[in-house]
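Trainee: Can you read through this structure? Questions will come right after.
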Amino acid sequence: MPFAFHPTALADVVLVEPSTFTDARGSFRETFKAPDFAGAGLPIEFVQTNLSVSRTGVLRGLHFQIDPMAQGKLVSCSAGSVFDVAVDLRHGSPTFGLWLGEELSVENGRMLWIPAGFAHGFCVLEGDAVLTYSVTNAYSGPHDGGFAWNDPEIGVVWPLDDPVLSDKDAELPLLRDGDPGFLYSAG
């Protein structure tokens, strides 16, 4: 079952669109197939899969992990819909400091490949959203980082004004005020 792999405006971030087959019983969609992903130059080894359930209006992010535990993420939404965001934190990258947002939902089936060196966040557009992300490195608290969802220098245009945040996310610093040691080198 074919996948369409679309480059995005951010270097190395890929929008993945799987084929969906529908009949009188419902639908079927493959969400990962190692040979297809490898053929597109994407990782085929994931070490952890996470499931997040969030209500309408919730915003999570912007999060990342630093080396040596940096994570690439394959993100998909299996219920509800989300606005999923990636921010390039790789010094030397042609898209350093830029962001990209895509709507992911069970209806459109889209997935977003976000490589290591990017921050990630999302907000729930409708329903109880179920977000799944397979990652290339295990979670590591000492390597966990983040910055403010509304950092004016990054300028993410979120489709909500007053999100529901965790205490941790509400206290994240601006990117420029964080530890400069977390930034990645491109390549």
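Residue names in the structure tokens use chain letters A, B, ... in the order shown, residue numbers from 1 in each chain, and ligand numbers from 1 in the order shown.
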Which residues are near range 71-76 of chain A? Cut-off 9 Å, only C-alpha atoms, ignore same chain within fewer than 6 positions. Put them as a PyMOL selection string.

Mentor: chain A and resi 31+43+46+64-65+84+104-106+109-118+120+130-139

Trainee: From the DSSP assignment of the backbone, select every residue of range 32-67 of chain A that is strand (DSSP E), and format the answer as a ChimeraX atom specification.

Mentor: /A:48-54,59-65

Trainee: Which residue gives the smallest distance to Ser19 in chain A among A:Pro7, A:Asn108, A:Ala40, A:Pro163, with only C-alpha atoms counted?

Mentor: A:Asn108

Trainee: Assign secondary structure with DSSP using the backbone only, and return the residues of range 8-178 of chain A in alpha helix (DSSP H) as an NGL selection string.

Mentor: :A and (34-39 or 167-170)

Trainee: Here is a test: counting only C-alpha atoms, which residue of A:Glu107, A:Gly101, A:Gly145, A:Asn150 is nearest to Thr22 in chain A?

Mentor: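 Ranked by minimum distance to Thr22 in chain A, first place goes to A:Glu107.
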